$ cat my_file.csv   # CSV, C-alpha atoms and all ligand atoms
chain,number,residue,atom,x,y,z
A,1,MET,CA,0.0,0.0,0.0
A,2,GLY,CA,2.9,2.4,0.8
A,3,TYR,CA,4.4,1.7,-2.6
A,4,THR,CA,1.1,2.3,-4.4
A,5,GLY,CA,0.6,5.5,-2.4
A,6,TYR,CA,4.1,6.7,-3.4
A,7,ARG,CA,3.3,5.9,-7.1
A,8,ILE,CA,0.0,7.9,-6.8
A,9,LEU,CA,1.9,10.9,-5.3
A,10,ARG,CA,4.4,10.9,-8.1
A,11,SER,CA,1.9,10.7,-11.0
A,12,TRP,CA,-1.3,12.2,-9.7
A,13,VAL,CA,-1.1,15.0,-12.3
A,14,THR,CA,0.6,13.3,-15.2
A,15,ASP,CA,-0.9,9.9,-15.3
A,16,PRO,CA,-4.6,9.8,-14.3
A,17,HIS,CA,-5.1,6.3,-15.8
A,18,CYS,CA,-2.4,4.8,-13.7
A,19,VAL,CA,-3.6,6.7,-10.6
A,20,ARG,CA,-7.2,5.5,-11.1
A,21,GLU,CA,-6.0,1.9,-11.4
A,22,ASP,CA,-3.9,2.3,-8.2
A,23,LEU,CA,-6.8,3.8,-6.3
A,24,LEU,CA,-9.2,1.1,-7.4
A,25,HIS,CA,-6.5,-1.5,-6.3
A,26,LEU,CA,-6.3,0.2,-2.9
A,27,GLN,CA,-10.0,0.3,-2.7
A,28,GLU,CA,-10.2,-3.4,-3.3
A,29,LEU,CA,-7.5,-4.1,-0.7
A,30,LEU,CA,-9.3,-2.0,1.9
A,31,GLY,CA,-12.7,-3.5,1.0
A,32,ALA,CA,-14.0,0.1,0.7
A,33,THR,CA,-16.6,1.4,-1.7
A,34,ASP,CA,-15.2,4.8,-2.5
A,35,ILE,CA,-11.9,5.8,-0.9
A,36,CYS,CA,-11.5,9.3,-2.3
A,37,GLY,CA,-14.9,10.4,-3.6
A,38,LEU,CA,-13.1,11.2,-6.9
A,39,THR,CA,-14.9,13.6,-9.1
A,40,GLU,CA,-11.8,14.8,-11.0
A,41,LEU,CA,-8.5,13.1,-11.5
A,42,GLY,CA,-5.5,14.1,-13.5
A,43,ALA,CA,-5.0,17.1,-15.7
A,44,GLN,CA,-4.8,17.7,-19.5
A,45,GLN,CA,-1.3,18.2,-20.7
A,46,HIS,CA,-0.6,21.3,-22.8
A,47,ASP,CA,2.4,22.6,-24.6
A,48,ILE,CA,4.0,25.9,-23.5
A,49,VAL,CA,2.1,28.1,-25.9
A,50,THR,CA,-1.3,26.6,-25.5
A,51,GLY,CA,-1.0,26.1,-21.8
A,52,TYR,CA,0.3,29.5,-20.9
A,53,SER,CA,-2.3,31.2,-23.2
A,54,ASP,CA,-5.0,29.4,-21.2
A,55,TRP,CA,-3.3,30.1,-17.9
A,56,SER,CA,-2.5,33.7,-18.5
A,57,SER,CA,-5.8,35.2,-17.3
A,58,SER,CA,-5.6,33.4,-13.9
A,59,TYR,CA,-1.8,33.3,-13.5
A,60,ASP,CA,-1.7,36.3,-11.2
A,61,GLU,CA,-4.8,35.5,-9.2
A,62,ALA,CA,-4.5,31.8,-8.4
A,63,SER,CA,-2.4,30.9,-5.4
A,64,ASN,CA,0.9,29.3,-6.5
A,65,PRO,CA,3.0,28.3,-3.5
A,66,PHE,CA,6.2,28.0,-5.4
A,67,VAL,CA,5.9,31.5,-6.8
A,68,GLU,CA,4.8,32.9,-3.5
A,69,LEU,CA,7.7,31.3,-1.7
A,70,CYS,CA,10.1,32.7,-4.3
A,71,TYR,CA,9.0,36.3,-4.3
A,72,GLY,CA,8.4,36.3,-0.6
A,73,SER,CA,12.0,35.2,0.0
A,74,SER,CA,14.4,38.1,0.9
A,75,LEU,CA,17.3,35.9,-0.1
A,76,ILE,CA,16.0,35.7,-3.7
A,77,VAL,CA,14.6,39.2,-3.9
A,78,ASP,CA,18.0,40.6,-2.7
A,79,ALA,CA,20.0,38.4,-5.2
A,80,TRP,CA,17.6,39.4,-8.0
A,81,THR,CA,17.9,43.2,-7.4
A,82,PRO,CA,20.3,44.9,-9.8
A,83,THR,CA,23.4,46.5,-8.2
A,84,ALA,CA,24.4,50.1,-9.0
A,85,ASP,CA,26.5,49.0,-12.0
A,86,GLU,CA,23.8,46.7,-13.5
A,87,THR,CA,21.7,49.0,-15.6
A,88,ARG,CA,20.7,46.7,-18.4
A,89,VAL,CA,18.5,43.9,-17.1
A,90,LEU,CA,16.8,41.1,-19.0
A,91,ASP,CA,14.1,39.0,-17.5
A,92,VAL,CA,13.8,35.7,-19.5
A,93,GLY,CA,10.5,34.0,-19.4
A,94,ILE,CA,9.1,37.1,-17.7
A,95,GLY,CA,5.5,36.0,-18.0
A,96,THR,CA,3.1,38.5,-16.3
A,97,GLY,CA,6.0,40.2,-14.6
A,98,THR,CA,5.7,38.7,-11.1
A,99,GLY,CA,8.5,40.0,-8.9
A,100,VAL,CA,9.6,42.7,-11.3
A,101,PRO,CA,10.1,45.9,-9.1
A,102,VAL,CA,8.1,48.9,-10.2
A,103,ASP,CA,10.6,51.5,-9.0
A,104,ARG,CA,14.2,51.2,-10.3
A,105,PRO,CA,15.6,54.5,-11.5
A,106,GLY,CA,18.2,54.4,-14.2
A,107,VAL,CA,17.7,50.7,-15.1
A,108,MET,CA,16.6,49.6,-18.5
A,109,TRP,CA,14.4,46.5,-18.0
A,110,VAL,CA,13.6,44.2,-20.9
A,111,GLY,CA,11.3,41.1,-20.6
A,112,VAL,CA,11.2,38.3,-23.1
A,113,ASP,CA,8.7,35.5,-23.2
A,114,LEU,CA,7.5,33.0,-25.8
A,115,ASN,CA,3.8,33.6,-25.0
A,116,ARG,CA,2.0,36.7,-26.3
A,117,ASP,CA,-0.9,36.3,-23.9
A,118,MET,CA,1.3,36.3,-20.8
A,119,LEU,CA,3.0,39.4,-22.2
A,120,ASN,CA,-0.4,41.1,-22.8
A,121,VAL,CA,-1.2,40.6,-19.1
A,122,LEU,CA,2.1,42.2,-18.2
A,123,SER,CA,1.6,45.1,-20.6
A,124,ARG,CA,-1.7,45.9,-18.8
A,125,ARG,CA,0.1,46.3,-15.5
A,126,ASP,CA,1.8,49.5,-14.6
A,127,ILE,CA,5.4,48.2,-14.8
A,128,PRO,CA,7.8,50.0,-17.1
A,129,VAL,CA,9.3,47.1,-19.0
A,130,THR,CA,10.1,46.7,-22.7
A,131,VAL,CA,8.4,43.4,-23.6
A,132,ILE,CA,9.6,41.3,-26.6
A,133,GLN,CA,8.1,38.1,-27.7
A,134,GLY,CA,10.9,35.6,-28.2
A,135,ASP,CA,12.4,32.2,-27.4
A,136,ALA,CA,15.0,31.8,-24.6
A,137,LEU,CA,16.8,29.4,-27.0
A,138,ALA,CA,17.2,32.0,-29.7
A,139,LEU,CA,17.2,35.4,-27.9
A,140,PRO,CA,16.7,38.4,-30.3
A,141,PHE,CA,19.7,40.4,-28.8
A,142,ALA,CA,23.3,41.0,-29.7
A,143,ASP,CA,26.1,39.3,-27.7
A,144,ALA,CA,26.9,41.0,-24.4
A,145,SER,CA,23.8,43.2,-24.3
A,146,PHE,CA,22.9,42.8,-20.6
A,147,ASP,CA,24.5,43.2,-17.2
A,148,LEU,CA,22.0,41.0,-15.3
A,149,LEU,CA,19.8,38.2,-16.4
A,150,ARG,CA,16.9,37.0,-14.3
A,151,CYS,CA,15.2,33.7,-15.1
A,152,GLY,CA,12.3,32.6,-12.9
A,153,PHE,CA,10.5,29.3,-13.3
A,154,LEU,CA,11.5,28.9,-17.0
A,155,LEU,CA,14.3,26.3,-17.1
A,156,SER,CA,12.2,23.6,-15.6
A,157,HIS,CA,10.0,23.8,-18.8
A,158,LEU,CA,13.0,22.9,-20.9
A,159,PRO,CA,14.2,19.3,-21.1
A,160,ALA,CA,17.9,20.2,-21.3
A,161,LEU,CA,19.9,23.0,-19.7
A,162,GLU,CA,23.0,23.3,-21.9
A,163,PRO,CA,21.3,25.0,-25.0
A,164,VAL,CA,19.5,27.6,-22.9
A,165,LEU,CA,22.4,28.4,-20.6
A,166,HIS,CA,24.7,28.8,-23.7
A,167,GLU,CA,22.2,31.3,-25.1
A,168,LEU,CA,21.8,33.2,-21.8
A,169,ALA,CA,25.6,33.4,-21.4
A,170,ARG,CA,25.9,34.8,-25.0
A,171,VAL,CA,23.8,37.9,-24.2
A,172,LEU,CA,25.5,38.6,-20.9
A,173,ARG,CA,28.4,41.0,-20.9
A,174,PRO,CA,31.8,39.6,-19.7
A,175,GLY,CA,31.5,39.3,-15.9
A,176,GLY,CA,27.7,39.7,-16.1
A,177,ARG,CA,25.4,38.0,-13.6
A,178,LEU,CA,22.8,35.3,-14.2
A,179,GLU,CA,20.2,34.6,-11.5
A,180,ILE,CA,18.1,31.5,-11.8
A,181,VAL,CA,15.3,30.2,-9.6
A,182,ASP,CA,13.1,27.3,-10.3
A,183,ILE,CA,11.1,24.4,-8.8
A,184,HIS,CA,13.5,22.1,-7.0
A,185,ALA,CA,14.0,18.7,-8.7
A,186,HIS,CA,12.9,16.9,-5.5
A,187,ALA,CA,9.5,18.6,-5.7
A,188,ILE,CA,9.1,17.5,-9.3
A,189,TYR,CA,10.2,13.9,-8.5
A,190,THR,CA,7.5,13.8,-5.9
A,191,GLY,CA,4.7,15.0,-8.1
A,192,ALA,CA,4.9,18.8,-8.6
A,193,GLN,CA,3.9,20.0,-12.1
A,194,GLY,CA,2.8,23.3,-13.7
A,195,ILE,CA,-0.8,22.7,-12.9
A,196,TYR,CA,-3.6,25.3,-13.3
A,197,ARG,CA,-7.3,25.7,-13.5
A,198,THR,CA,-8.3,26.0,-17.2
A,199,ARG,CA,-10.7,28.7,-18.5
A,200,THR,CA,-13.3,26.0,-19.0
A,201,GLY,CA,-12.9,24.9,-15.3
A,202,GLY,CA,-10.9,21.7,-15.8
A,203,LEU,CA,-7.3,21.1,-14.8
A,204,GLY,CA,-4.4,21.6,-17.1
A,205,TYR,CA,-0.7,21.4,-16.8
A,206,VAL,CA,2.4,22.4,-18.7
A,207,PRO,CA,5.0,19.8,-18.0
A,208,VAL,CA,8.2,20.5,-16.0
A,209,PHE,CA,11.5,18.6,-16.0
A,210,PRO,CA,13.7,18.0,-13.0
A,211,HIS,CA,17.2,19.5,-13.2
A,212,LEU,CA,19.6,18.5,-10.4
A,213,VAL,CA,22.2,20.8,-8.9
A,214,SER,CA,24.9,18.7,-10.8
A,215,ASP,CA,23.0,19.3,-14.1
A,216,HIS,CA,23.2,23.0,-13.4
A,217,LEU,CA,26.9,22.8,-12.6
A,218,LYS,CA,27.8,20.8,-15.7
A,219,ALA,CA,25.6,23.0,-18.0
A,220,ALA,CA,27.1,26.2,-16.6
A,221,ALA,CA,30.7,24.9,-17.0
A,222,SER,CA,30.0,24.1,-20.7
A,223,SER,CA,28.5,27.6,-21.2
A,224,ALA,CA,31.3,29.8,-20.0
A,225,LEU,CA,29.5,30.4,-16.7
A,226,VAL,CA,31.0,30.0,-13.2
A,227,VAL,CA,28.5,29.2,-10.5
A,228,ARG,CA,29.0,31.5,-7.5
A,229,ASN,CA,26.2,30.3,-5.2
A,230,VAL,CA,23.5,27.6,-4.9
A,231,GLU,CA,20.6,27.7,-2.5
A,232,GLU,CA,18.1,25.0,-1.9
A,233,ILE,CA,15.1,26.8,-0.3
A,234,ARG,CA,12.9,24.6,1.9
A,235,TRP,CA,9.2,24.7,2.5
A,236,PRO,CA,8.4,26.6,5.6
A,237,GLN,CA,5.9,25.3,8.3
A,238,GLU,CA,2.9,27.0,6.6
A,239,ALA,CA,3.5,25.3,3.3
A,240,GLN,CA,1.6,22.3,4.3
A,241,THR,CA,-1.6,24.3,4.2
A,242,SER,CA,-1.1,26.0,0.9
A,243,LEU,CA,0.0,22.9,-0.9
A,244,GLY,CA,-3.0,21.1,0.6
A,245,LEU,CA,-5.1,23.5,-1.5
A,246,ILE,CA,-3.4,22.2,-4.7
A,247,ALA,CA,-4.1,18.6,-3.7
A,248,ARG,CA,-7.7,19.5,-2.9
A,249,ASN,CA,-8.2,20.8,-6.4
A,250,SER,CA,-7.6,17.4,-7.9
A,251,VAL,CA,-8.3,14.8,-5.3
A,252,LYS,CA,-10.9,15.8,-2.7
A,253,THR,CA,-8.8,15.9,0.4
A,254,ALA,CA,-6.9,18.7,2.1
A,255,ARG,CA,-4.1,16.5,3.3
A,256,PRO,CA,-0.6,18.1,3.1
A,257,VAL,CA,1.4,16.8,0.2
A,258,VAL,CA,4.8,18.0,1.5
A,259,GLN,CA,6.6,18.3,4.8
A,260,SER,CA,8.1,21.6,5.9
A,261,GLY,CA,11.8,21.4,5.4
A,262,GLU,CA,11.7,19.5,2.1
A,263,PRO,CA,13.4,21.3,-0.8
A,264,ALA,CA,11.0,23.5,-2.7
A,265,LEU,CA,13.1,25.9,-4.8
A,266,LEU,CA,16.6,25.9,-6.4
A,267,GLN,CA,18.4,29.2,-6.8
A,268,VAL,CA,21.6,29.3,-8.8
A,269,SER,CA,23.8,32.4,-9.1
A,270,SER,CA,26.4,32.5,-11.9
A,271,ARG,CA,28.7,34.9,-13.7
A,272,THR,CA,30.1,34.7,-17.2
A,273,THR,CA,33.8,33.9,-17.5
A,274,ARG,CA,34.1,35.1,-21.1
A,275,GLU,CA,36.5,38.1,-21.6
B,301,LIG,C1,6.0,29.7,-14.8
B,301,LIG,S1,6.0,31.1,-15.9
B,301,LIG,C2,7.2,32.1,-15.0
B,301,LIG,C3,6.9,33.6,-15.2
B,301,LIG,C4,7.7,34.5,-14.3
B,301,LIG,N1,9.1,34.4,-14.6
B,301,LIG,C5,7.4,34.3,-12.9
B,301,LIG,O1,8.4,34.1,-12.1
B,301,LIG,O2,6.3,34.2,-12.4
B,301,LIG,C6,7.1,30.5,-17.2
B,301,LIG,C7,7.1,31.4,-18.3
B,301,LIG,O3,8.2,31.0,-19.2
B,301,LIG,C8,7.7,31.2,-20.5
B,301,LIG,N2,8.5,30.3,-21.4
B,301,LIG,C9,8.5,29.0,-21.5
B,301,LIG,N3,9.3,28.5,-22.4
B,301,LIG,C10,9.9,29.6,-22.9
B,301,LIG,C11,10.9,29.8,-23.9
B,301,LIG,N4,11.5,28.7,-24.6
B,301,LIG,N5,11.3,31.0,-24.2
B,301,LIG,C12,10.8,32.1,-23.6
B,301,LIG,N6,9.8,32.0,-22.6
B,301,LIG,C13,9.4,30.7,-22.3
B,301,LIG,C14,6.2,30.8,-20.5
B,301,LIG,O4,5.6,31.4,-21.6
B,301,LIG,C15,5.8,31.5,-19.2
B,301,LIG,O5,5.4,32.8,-19.3
$ encode --input "my_file.csv" --output "structure tokens"
Amino acid sequence: MGYTGYRILRSWVTDPHCVREDLLHLQELLGATDICGLTELGAQQHDIVTGYSDWSSSYDEASNPFVELCYGSSLIVDAWTPTADETRVLDVGIGTGTGVPVDRPGVMWVGVDLNRDMLNVLSRRDIPVTVIQGDALALPFADASFDLLRCGFLLSHLPALEPVLHELARVLRPGGRLEIVDIHAHAIYTGAQGIYRTRTGGLGYVPVFPHLVSDHLKAAASSALVVRNVEEIRWPQEAQTSLGLIARNSVKTARPVVQSGEPALLQVSSRTTRE
């Protein structure tokens, strides 16, 4: 039963067929009639463009514990703030602009994102950012155009780190700084996905891929980046409640799906080594 429960935890979003089978098996073992009162199980998978177009209208409103933990963390906010000599900032996968400070005199802030609908939401907000639709894998900028690159919750959507880190390093000036934050691989291995409530009221998800710390170190080394700092940010005590809300959306229970202290976010700070 423990093994089956663990399998359900890992695939409750991505594999509803397997989860239903497992639940029926548990139900049979327990001699129960309906162990979960399931009305909704699993979520529809979407690609980046279709998924984020659908998600864009609710992205800022719906509670997202990973995003809240990130932008509520002074560790991350401090690292992500441009220093006095960083006046050209690029936010890659900027989405709706969560975490972009409104007041930053003397800084040119550019945001790039693949998804036009996410950028449209950002454009309606009162944040002075130049937005450009584009792909992080082929950025529409000359080499060495920026002093600081910020990259929040983007890399987990990409199956491999090397191509994107290579491209990010290209647009950074020599000695420029790259700040990455994303869902920790541990959370993805235990069932976290880019899940959201669709406009038609169902559940959708945009898949995420786990990248280990060692994957980041190897990809940075092959992209002329030197990693200066790595932080693994843990779920605080209150996280049990907020993640319970996610679980409740899909399976009708409010049980916590993580323990406080488990790794939630990975933050990687690097600099270019190119001259
Ligand atoms: C989870 S959202 C993060 C938005 C924002 N950075 C934040 O912290 O809330 C991920 C964003 O990455 C964008 N994205 C995904 N793949 C991309 C790619 N290859 N190039 C540019 N943007 C991409 C998506 O469109 C989406 O807006």
$ residues_near_ligand --input "my_file.csv" --ligand "ligand LIG 301 (chain B)" --cutoff "9 Å" --atoms "only C-alpha atoms and all ligand atoms" --output "PyMOL selection string"
chain A and resi 48-49+51-53+56+59-60+67+70-71+91-100+112-119+133-139+150-158+164+181-182+194
$ atom_distance --input "my_file.csv" --atom1 "CA of Ala142 in chain A" --atom2 "CA of Val102 in chain A"
26.0 Å
$ atom_distance --input "my_file.csv" --atom1 "CA of Val121 in chain A" --atom2 "CA of Pro105 in chain A"
23.1 Å
$ closest_residue --input "my_file.csv" --among "A:Phe141, A:Trp235, A:Tyr189, A:Trp80" --to "Pro65 in chain A" --atoms "only C-alpha atoms"
A:Trp235
$ residues_around --input "my_file.csv" --residues "range 172-174 of chain A" --least-positions-apart "2" --cutoff "8 Å" --atoms "only C-alpha atoms" --output "short mmCIF file (atom, residue, chain, number, x, y, z; two decimals) with C-alpha atoms, in the frame of the given file"
data_model
loop_
_atom_site.label_atom_id
_atom_site.label_comp_id
_atom_site.auth_asym_id
_atom_site.auth_seq_id
_atom_site.Cartn_x
_atom_site.Cartn_y
_atom_site.Cartn_z
CA ASP A 143 26.10 39.30 -27.70
CA ALA A 144 26.90 41.00 -24.40
CA SER A 145 23.80 43.20 -24.30
CA PHE A 146 22.90 42.80 -20.60
CA ASP A 147 24.50 43.20 -17.20
CA LEU A 148 22.00 41.00 -15.30
CA LEU A 149 19.80 38.20 -16.40
CA LEU A 168 21.80 33.20 -21.80
CA ALA A 169 25.60 33.40 -21.40
CA ARG A 170 25.90 34.80 -25.00
CA GLY A 176 27.70 39.70 -16.10
CA ARG A 177 25.40 38.00 -13.60
CA LEU A 178 22.80 35.30 -14.20
CA THR A 272 30.10 34.70 -17.20
CA THR A 273 33.80 33.90 -17.50
CA ARG A 274 34.10 35.10 -21.10
CA GLU A 275 36.50 38.10 -21.60
#
$ residues_near_point --input "my_file.csv" --point "(30.8, 28.6, -17.2)" --cutoff "10 Å" --atoms "all atoms listed in the file" --output "NGL selection string"
:A and (165-166 or 169 or 217-227 or 270-274)
$ closest_residue --input "my_file.csv" --among "A:Leu122, A:Ala187, A:Ala79, A:Met1" --to "Arg228 in chain A" --atoms "all atoms listed in the file"
A:Ala79
$ residues_near_point --input "my_file.csv" --point "(3.1, 20.7, -16.9)" --cutoff "6 Å" --atoms "only C-alpha atoms" --output "ChimeraX atom specification"
/A:193-195,205-208
$ closest_residue --input "my_file.csv" --among "A:Glu262, A:Glu179, A:Asp15, A:Glu61" --to "Gln44 in chain A" --atoms "all atoms listed in the file"
A:Asp15
$ closest_residue --input "my_file.csv" --among "A:Pro140, A:Gly191, A:Pro101, A:Pro159" --to "Val171 in chain A" --atoms "all atoms listed in the file"
A:Pro140
$ atom_distance --input "my_file.csv" --atom1 "CA of Gly204 in chain A" --atom2 "CA of His46 in chain A"
6.9 Å
$ closest_residue --input "my_file.csv" --among "A:Trp109, A:Phe209, A:Trp12, A:Tyr3" --to "Leu90 in chain A" --atoms "all atoms listed in the file"
A:Trp109
$ residues_around --input "my_file.csv" --residues "Arg234 in chain A" --least-positions-apart "2" --cutoff "6 Å" --atoms "all atoms listed in the file" --output "PDB file with C-alpha atoms, in the frame of the given file"
ATOM      1  CA  GLY A 261      11.800  21.400   5.400  1.00  0.00           C
ATOM      2  CA  GLU A 262      11.700  19.500   2.100  1.00  0.00           C
ATOM      3  CA  PRO A 263      13.400  21.300  -0.800  1.00  0.00           C
ATOM      4  CA  ALA A 264      11.000  23.500  -2.700  1.00  0.00           C
TER       5      ALA A 264
END
